[in-house]
file my_file.pdb (PDB, N, CA and C atoms, pLDDT in the B column)
MODEL        1
ATOM      1  N   MET A  29      23.112  -3.227   2.684  1.00 39.00           N
ATOM      2  CA  MET A  29      21.962  -3.841   2.061  1.00 39.00           C
ATOM      3  C   MET A  29      21.155  -2.749   1.357  1.00 39.00           C
ATOM      4  N   SER A  30      20.820  -3.006   0.105  1.00 50.00           N
ATOM      5  CA  SER A  30      20.084  -2.039  -0.701  1.00 50.00           C
ATOM      6  C   SER A  30      18.616  -2.418  -0.756  1.00 50.00           C
ATOM      7  N   SER A  31      17.754  -1.419  -0.782  1.00 67.00           N
ATOM      8  CA  SER A  31      16.318  -1.645  -0.826  1.00 67.00           C
ATOM      9  C   SER A  31      15.714  -0.769  -1.910  1.00 67.00           C
ATOM     10  N   THR A  32      14.767  -1.312  -2.633  1.00 93.00           N
ATOM     11  CA  THR A  32      14.090  -0.543  -3.658  1.00 93.00           C
ATOM     12  C   THR A  32      12.992   0.297  -3.020  1.00 93.00           C
ATOM     13  N   HIS A  33      12.885   1.531  -3.456  1.00 96.00           N
ATOM     14  CA  HIS A  33      11.873   2.447  -2.936  1.00 96.00           C
ATOM     15  C   HIS A  33      10.984   2.928  -4.074  1.00 96.00           C
ATOM     16  N   LEU A  34       9.688   3.052  -3.800  1.00 97.00           N
ATOM     17  CA  LEU A  34       8.735   3.567  -4.779  1.00 97.00           C
ATOM     18  C   LEU A  34       8.188   4.901  -4.299  1.00 97.00           C
ATOM     19  N   SER A  35       7.915   5.757  -5.256  1.00 96.00           N
ATOM     20  CA  SER A  35       7.263   7.028  -4.950  1.00 96.00           C
ATOM     21  C   SER A  35       5.755   6.789  -4.842  1.00 96.00           C
ATOM     22  N   THR A  36       5.033   7.805  -4.419  1.00 97.00           N
ATOM     23  CA  THR A  36       3.577   7.710  -4.360  1.00 97.00           C
ATOM     24  C   THR A  36       3.010   7.447  -5.751  1.00 97.00           C
ATOM     25  N   ASP A  37       3.553   8.112  -6.766  1.00 97.00           N
ATOM     26  CA  ASP A  37       3.108   7.890  -8.146  1.00 97.00           C
ATOM     27  C   ASP A  37       3.324   6.438  -8.571  1.00 97.00           C
ATOM     28  N   GLN A  38       4.479   5.895  -8.236  1.00 97.00           N
ATOM     29  CA  GLN A  38       4.783   4.517  -8.625  1.00 97.00           C
ATOM     30  C   GLN A  38       3.890   3.515  -7.900  1.00 97.00           C
ATOM     31  N   LEU A  39       3.615   3.771  -6.622  1.00 98.00           N
ATOM     32  CA  LEU A  39       2.730   2.875  -5.879  1.00 98.00           C
ATOM     33  C   LEU A  39       1.314   2.945  -6.443  1.00 98.00           C
ATOM     34  N   ALA A  40       0.851   4.138  -6.775  1.00 98.00           N
ATOM     35  CA  ALA A  40      -0.478   4.289  -7.372  1.00 98.00           C
ATOM     36  C   ALA A  40      -0.563   3.513  -8.688  1.00 98.00           C
ATOM     37  N   ALA A  41       0.468   3.585  -9.487  1.00 98.00           N
ATOM     38  CA  ALA A  41       0.487   2.841 -10.749  1.00 98.00           C
ATOM     39  C   ALA A  41       0.493   1.334 -10.497  1.00 98.00           C
ATOM     40  N   ARG A  42       1.256   0.891  -9.519  1.00 97.00           N
ATOM     41  CA  ARG A  42       1.329  -0.542  -9.188  1.00 97.00           C
ATOM     42  C   ARG A  42      -0.045  -1.070  -8.809  1.00 97.00           C
ATOM     43  N   TRP A  43      -0.790  -0.292  -8.026  1.00 97.00           N
ATOM     44  CA  TRP A  43      -2.096  -0.733  -7.537  1.00 97.00           C
ATOM     45  C   TRP A  43      -3.254  -0.274  -8.412  1.00 97.00           C
ATOM     46  N   GLU A  44      -2.935   0.465  -9.474  1.00 98.00           N
ATOM     47  CA  GLU A  44      -3.948   0.960 -10.411  1.00 98.00           C
ATOM     48  C   GLU A  44      -5.033   1.785  -9.710  1.00 98.00           C
ATOM     49  N   VAL A  45      -4.568   2.692  -8.866  1.00 98.00           N
ATOM     50  CA  VAL A  45      -5.442   3.660  -8.193  1.00 98.00           C
ATOM     51  C   VAL A  45      -4.834   5.044  -8.414  1.00 98.00           C
ATOM     52  N   THR A  46      -5.560   6.076  -8.040  1.00 98.00           N
ATOM     53  CA  THR A  46      -5.040   7.430  -8.217  1.00 98.00           C
ATOM     54  C   THR A  46      -4.057   7.791  -7.100  1.00 98.00           C
ATOM     55  N   VAL A  47      -3.227   8.767  -7.386  1.00 98.00           N
ATOM     56  CA  VAL A  47      -2.316   9.298  -6.369  1.00 98.00           C
ATOM     57  C   VAL A  47      -3.132   9.848  -5.201  1.00 98.00           C
ATOM     58  N   ASP A  48      -4.251  10.496  -5.507  1.00 98.00           N
ATOM     59  CA  ASP A  48      -5.117  11.025  -4.447  1.00 98.00           C
ATOM     60  C   ASP A  48      -5.574   9.925  -3.502  1.00 98.00           C
ATOM     61  N   THR A  49      -5.880   8.747  -4.043  1.00 98.00           N
ATOM     62  CA  THR A  49      -6.303   7.625  -3.207  1.00 98.00           C
ATOM     63  C   THR A  49      -5.176   7.196  -2.278  1.00 98.00           C
ATOM     64  N   ILE A  50      -3.970   7.063  -2.808  1.00 98.00           N
ATOM     65  CA  ILE A  50      -2.807   6.685  -1.977  1.00 98.00           C
ATOM     66  C   ILE A  50      -2.595   7.726  -0.891  1.00 98.00           C
ATOM     67  N   GLU A  51      -2.676   9.001  -1.231  1.00 97.00           N
ATOM     68  CA  GLU A  51      -2.472  10.063  -0.245  1.00 97.00           C
ATOM     69  C   GLU A  51      -3.557  10.051   0.825  1.00 97.00           C
ATOM     70  N   ARG A  52      -4.799   9.801   0.408  1.00 98.00           N
ATOM     71  CA  ARG A  52      -5.903   9.740   1.380  1.00 98.00           C
ATOM     72  C   ARG A  52      -5.712   8.547   2.313  1.00 98.00           C
ATOM     73  N   TRP A  53      -5.401   7.391   1.738  1.00 97.00           N
ATOM     74  CA  TRP A  53      -5.175   6.206   2.571  1.00 97.00           C
ATOM     75  C   TRP A  53      -4.055   6.464   3.569  1.00 97.00           C
ATOM     76  N   ARG A  54      -2.973   7.106   3.107  1.00 97.00           N
ATOM     77  CA  ARG A  54      -1.840   7.377   3.999  1.00 97.00           C
ATOM     78  C   ARG A  54      -2.288   8.275   5.159  1.00 97.00           C
ATOM     79  N   SER A  55      -3.105   9.287   4.869  1.00 96.00           N
ATOM     80  CA  SER A  55      -3.566  10.188   5.927  1.00 96.00           C
ATOM     81  C   SER A  55      -4.518   9.486   6.891  1.00 96.00           C
ATOM     82  N   GLU A  56      -5.178   8.414   6.417  1.00 97.00           N
ATOM     83  CA  GLU A  56      -6.103   7.642   7.254  1.00 97.00           C
ATOM     84  C   GLU A  56      -5.419   6.461   7.943  1.00 97.00           C
ATOM     85  N   GLY A  57      -4.115   6.310   7.710  1.00 96.00           N
ATOM     86  CA  GLY A  57      -3.376   5.217   8.334  1.00 96.00           C
ATOM     87  C   GLY A  57      -3.559   3.882   7.637  1.00 96.00           C
ATOM     88  N   ILE A  58      -3.989   3.917   6.372  1.00 96.00           N
ATOM     89  CA  ILE A  58      -4.196   2.705   5.587  1.00 96.00           C
ATOM     90  C   ILE A  58      -3.008   2.535   4.648  1.00 96.00           C
ATOM     91  N   GLY A  59      -2.550   1.314   4.491  1.00 96.00           N
ATOM     92  CA  GLY A  59      -1.486   1.058   3.521  1.00 96.00           C
ATOM     93  C   GLY A  59      -0.174   0.704   4.185  1.00 96.00           C
ATOM     94  N   PRO A  60       0.845   0.550   3.352  1.00 97.00           N
ATOM     95  CA  PRO A  60       2.160   0.153   3.878  1.00 97.00           C
ATOM     96  C   PRO A  60       2.851   1.292   4.620  1.00 97.00           C
ATOM     97  N   ARG A  61       3.816   0.905   5.433  1.00 96.00           N
ATOM     98  CA  ARG A  61       4.642   1.914   6.099  1.00 96.00           C
ATOM     99  C   ARG A  61       5.362   2.726   5.035  1.00 96.00           C
ATOM    100  N   PHE A  62       5.742   3.953   5.375  1.00 97.00           N
ATOM    101  CA  PHE A  62       6.420   4.819   4.416  1.00 97.00           C
ATOM    102  C   PHE A  62       7.527   5.590   5.101  1.00 97.00           C
ATOM    103  N   LEU A  63       8.409   6.115   4.283  1.00 96.00           N
ATOM    104  CA  LEU A  63       9.507   6.961   4.749  1.00 96.00           C
ATOM    105  C   LEU A  63       9.223   8.387   4.311  1.00 96.00           C
ATOM    106  N   LYS A  64       9.540   9.316   5.158  1.00 94.00           N
ATOM    107  CA  LYS A  64       9.455  10.722   4.776  1.00 94.00           C
ATOM    108  C   LYS A  64      10.850  11.303   4.940  1.00 94.00           C
ATOM    109  N   VAL A  65      11.494  11.522   3.812  1.00 89.00           N
ATOM    110  CA  VAL A  65      12.837  12.075   3.793  1.00 89.00           C
ATOM    111  C   VAL A  65      12.706  13.497   3.250  1.00 89.00           C
ATOM    112  N   THR A  66      12.990  14.446   4.100  1.00 91.00           N
ATOM    113  CA  THR A  66      12.690  15.858   3.838  1.00 91.00           C
ATOM    114  C   THR A  66      11.214  15.945   3.472  1.00 91.00           C
ATOM    115  N   ARG A  67      10.882  16.317   2.228  1.00 91.00           N
ATOM    116  CA  ARG A  67       9.468  16.422   1.842  1.00 91.00           C
ATOM    117  C   ARG A  67       9.017  15.239   0.988  1.00 91.00           C
ATOM    118  N   ALA A  68       9.939  14.348   0.657  1.00 94.00           N
ATOM    119  CA  ALA A  68       9.630  13.229  -0.235  1.00 94.00           C
ATOM    120  C   ALA A  68       9.106  12.021   0.543  1.00 94.00           C
ATOM    121  N   ILE A  69       8.015  11.449   0.046  1.00 97.00           N
ATOM    122  CA  ILE A  69       7.461  10.224   0.613  1.00 97.00           C
ATOM    123  C   ILE A  69       7.949   9.063  -0.243  1.00 97.00           C
ATOM    124  N   ARG A  70       8.475   8.030   0.382  1.00 97.00           N
ATOM    125  CA  ARG A  70       8.934   6.840  -0.328  1.00 97.00           C
ATOM    126  C   ARG A  70       8.433   5.612   0.415  1.00 97.00           C
ATOM    127  N   TYR A  71       8.133   4.585  -0.364  1.00 97.00           N
ATOM    128  CA  TYR A  71       7.673   3.304   0.172  1.00 97.00           C
ATOM    129  C   TYR A  71       8.721   2.246  -0.148  1.00 97.00           C
ATOM    130  N   ARG A  72       9.169   1.510   0.868  1.00 97.00           N
ATOM    131  CA  ARG A  72      10.100   0.422   0.624  1.00 97.00           C
ATOM    132  C   ARG A  72       9.339  -0.732  -0.012  1.00 97.00           C
ATOM    133  N   LEU A  73       9.913  -1.332  -1.029  1.00 97.00           N
ATOM    134  CA  LEU A  73       9.271  -2.444  -1.711  1.00 97.00           C
ATOM    135  C   LEU A  73       8.956  -3.573  -0.730  1.00 97.00           C
ATOM    136  N   SER A  74       9.838  -3.806   0.224  1.00 96.00           N
ATOM    137  CA  SER A  74       9.590  -4.866   1.207  1.00 96.00           C
ATOM    138  C   SER A  74       8.344  -4.569   2.049  1.00 96.00           C
ATOM    139  N   ASP A  75       8.103  -3.292   2.392  1.00 97.00           N
ATOM    140  CA  ASP A  75       6.900  -2.918   3.150  1.00 97.00           C
ATOM    141  C   ASP A  75       5.643  -3.046   2.289  1.00 97.00           C
ATOM    142  N   ILE A  76       5.759  -2.691   1.013  1.00 97.00           N
ATOM    143  CA  ILE A  76       4.627  -2.833   0.093  1.00 97.00           C
ATOM    144  C   ILE A  76       4.244  -4.302  -0.041  1.00 97.00           C
ATOM    145  N   GLU A  77       5.248  -5.147  -0.258  1.00 97.00           N
ATOM    146  CA  GLU A  77       4.976  -6.570  -0.432  1.00 97.00           C
ATOM    147  C   GLU A  77       4.412  -7.194   0.843  1.00 97.00           C
ATOM    148  N   ALA A  78       4.880  -6.765   2.008  1.00 96.00           N
ATOM    149  CA  ALA A  78       4.344  -7.265   3.278  1.00 96.00           C
ATOM    150  C   ALA A  78       2.882  -6.853   3.437  1.00 96.00           C
ATOM    151  N   PHE A  79       2.556  -5.599   3.099  1.00 96.00           N
ATOM    152  CA  PHE A  79       1.174  -5.128   3.175  1.00 96.00           C
ATOM    153  C   PHE A  79       0.284  -5.902   2.205  1.00 96.00           C
ATOM    154  N   GLU A  80       0.785  -6.128   0.994  1.00 96.00           N
ATOM    155  CA  GLU A  80       0.020  -6.893   0.010  1.00 96.00           C
ATOM    156  C   GLU A  80      -0.247  -8.306   0.508  1.00 96.00           C
ATOM    157  N   GLU A  81       0.739  -8.910   1.120  1.00 95.00           N
ATOM    158  CA  GLU A  81       0.575 -10.280   1.636  1.00 95.00           C
ATOM    159  C   GLU A  81      -0.493 -10.321   2.727  1.00 95.00           C
ATOM    160  N   LEU A  82      -0.521  -9.311   3.590  1.00 93.00           N
ATOM    161  CA  LEU A  82      -1.541  -9.244   4.643  1.00 93.00           C
ATOM    162  C   LEU A  82      -2.933  -8.976   4.077  1.00 93.00           C
ATOM    163  N   SER A  83      -2.983  -8.446   2.866  1.00 92.00           N
ATOM    164  CA  SER A  83      -4.261  -8.089   2.246  1.00 92.00           C
ATOM    165  C   SER A  83      -4.851  -9.206   1.388  1.00 92.00           C
ATOM    166  N   VAL A  84      -4.131 -10.306   1.233  1.00 91.00           N
ATOM    167  CA  VAL A  84      -4.610 -11.419   0.402  1.00 91.00           C
ATOM    168  C   VAL A  84      -5.838 -12.039   1.045  1.00 91.00           C
ATOM    169  N   ARG A  85      -6.860 -12.233   0.243  1.00 86.00           N
ATOM    170  CA  ARG A  85      -8.103 -12.851   0.707  1.00 86.00           C
ATOM    171  C   ARG A  85      -8.471 -13.998  -0.217  1.00 86.00           C
ATOM    172  N   SER A  86      -9.129 -14.991   0.316  1.00 85.00           N
ATOM    173  CA  SER A  86      -9.629 -16.103  -0.492  1.00 85.00           C
ATOM    174  C   SER A  86     -11.126 -15.913  -0.699  1.00 85.00           C
ATOM    175  N   PRO A  87     -11.716 -16.623  -1.669  1.00 82.00           N
ATOM    176  CA  PRO A  87     -13.165 -16.520  -1.855  1.00 82.00           C
ATOM    177  C   PRO A  87     -13.941 -16.881  -0.578  1.00 82.00           C
ATOM    178  N   GLN A  88     -13.423 -17.815   0.210  1.00 78.00           N
ATOM    179  CA  GLN A  88     -14.080 -18.185   1.460  1.00 78.00           C
ATOM    180  C   GLN A  88     -14.094 -17.029   2.446  1.00 78.00           C
ATOM    181  N   ASP A  89     -13.025 -16.235   2.459  1.00 73.00           N
ATOM    182  CA  ASP A  89     -12.983 -15.059   3.350  1.00 73.00           C
ATOM    183  C   ASP A  89     -14.068 -14.066   2.974  1.00 73.00           C
ATOM    184  N   ALA A  90     -14.244 -13.858   1.669  1.00 67.00           N
ATOM    185  CA  ALA A  90     -15.261 -12.909   1.190  1.00 67.00           C
ATOM    186  C   ALA A  90     -16.659 -13.398   1.540  1.00 67.00           C
ATOM    187  N   ALA A  91     -16.892 -14.693   1.361  1.00 70.00           N
ATOM    188  CA  ALA A  91     -18.218 -15.254   1.660  1.00 70.00           C
ATOM    189  C   ALA A  91     -18.520 -15.147   3.149  1.00 70.00           C
ATOM    190  N   ALA A  92     -17.527 -15.418   3.985  1.00 71.00           N
ATOM    191  CA  ALA A  92     -17.736 -15.368   5.433  1.00 71.00           C
ATOM    192  C   ALA A  92     -18.026 -13.939   5.895  1.00 71.00           C
ATOM    193  N   SER A  93     -17.348 -12.967   5.303  1.00 69.00           N
ATOM    194  CA  SER A  93     -17.560 -11.585   5.741  1.00 69.00           C
ATOM    195  C   SER A  93     -18.887 -11.015   5.244  1.00 69.00           C
ATOM    196  N   SER A  94     -19.437 -11.595   4.158  1.00 68.00           N
ATOM    197  CA  SER A  94     -20.712 -11.102   3.646  1.00 68.00           C
ATOM    198  C   SER A  94     -21.897 -11.841   4.249  1.00 68.00           C
ATOM    199  N   GLY A  95     -21.608 -12.881   5.057  1.00 67.00           N
ATOM    200  CA  GLY A  95     -22.686 -13.641   5.693  1.00 67.00           C
ATOM    201  C   GLY A  95     -23.242 -14.728   4.799  1.00 67.00           C
ATOM    202  N   ALA A  96     -22.630 -14.964   3.651  1.00 59.00           N
ATOM    203  CA  ALA A  96     -23.115 -16.003   2.743  1.00 59.00           C
ATOM    204  C   ALA A  96     -22.781 -17.383   3.300  1.00 59.00           C
ATOM    205  N   HIS A  97     -23.637 -18.305   3.004  1.00 58.00           N
ATOM    206  CA  HIS A  97     -23.424 -19.686   3.445  1.00 58.00           C
ATOM    207  C   HIS A  97     -23.260 -20.563   2.218  1.00 58.00           C
ATOM    208  N   GLY A  98     -22.374 -21.554   2.314  1.00 52.00           N
ATOM    209  CA  GLY A  98     -22.156 -22.376   1.139  1.00 52.00           C
ATOM    210  C   GLY A  98     -21.947 -23.773   1.417  1.00 52.00           C
TER     211      GLY A  98
ENDMDL
END

call {"tool": "encode", "arguments": {"input": "my_file.pdb", "output": "structure tokens"}}
result
Amino acid sequence: MSSTHLSTDQLAARWEVTVDTIERWRSEGIGPRFLKVTRAIRYRLSDIEAFEELSVRSPQDAAASSGAHG
């Protein structure tokens, strides 16, 4: 079974954030699981998509977390 892998640069481009942000999040334990093969960091597309799915929020979620009533 083959899996697509993204580099830190590619993940940063996908999420439209800087590489520094991805690296900081990784050091803080934020974001998708990653592979470290020798010195290279790679993210499996399946792990990225799973993390994105867990991060989906609805407008109601945002209102509830801000204390707004509607």

call {"tool": "residues_around", "arguments": {"input": "my_file.pdb", "residues": "region 69-77 of chain A", "least_positions_apart": "6", "cutoff": "6 Å", "atoms": "only N, CA and C atoms", "output": "list in words"}}
result
Ser31, Thr32, His33, Leu34, Ser35, Thr36, Pro60, Arg61, Phe62 and Leu63 of chain A

call {"tool": "atom_distance", "arguments": {"input": "my_file.pdb", "atom1": "atom C of Asp89 (chain A)", "atom2": "CA of Ile58 (chain A)"}}
result
19.6 Å

call {"tool": "atom_distance", "arguments": {"input": "my_file.pdb", "atom1": "CA of Thr66 (chain A)", "atom2": "CA of Glu51 (chain A)"}}
result
16.7 Å

call {"tool": "select_by_dssp", "arguments": {"input": "my_file.pdb", "residues": "chain A", "states": "helix (DSSP H, G or I)", "output": "PyMOL selection string"}}
result
chain A and resi 36-43+47-55+73-82+87-94

call {"tool": "select_by_dssp", "arguments": {"input": "my_file.pdb", "residues": "chain A", "states": "strand (DSSP E)", "output": "list in words"}}
result
His33, Leu34, Leu63, Lys64, Val65, Ala68, Ile69, Arg70, Tyr71 and Arg72 of chain A

call {"tool": "atom_distance", "arguments": {"input": "my_file.pdb", "atom1": "CA of Asp37 (chain A)", "atom2": "CA of Ile50 (chain A)"}}
result
8.6 Å
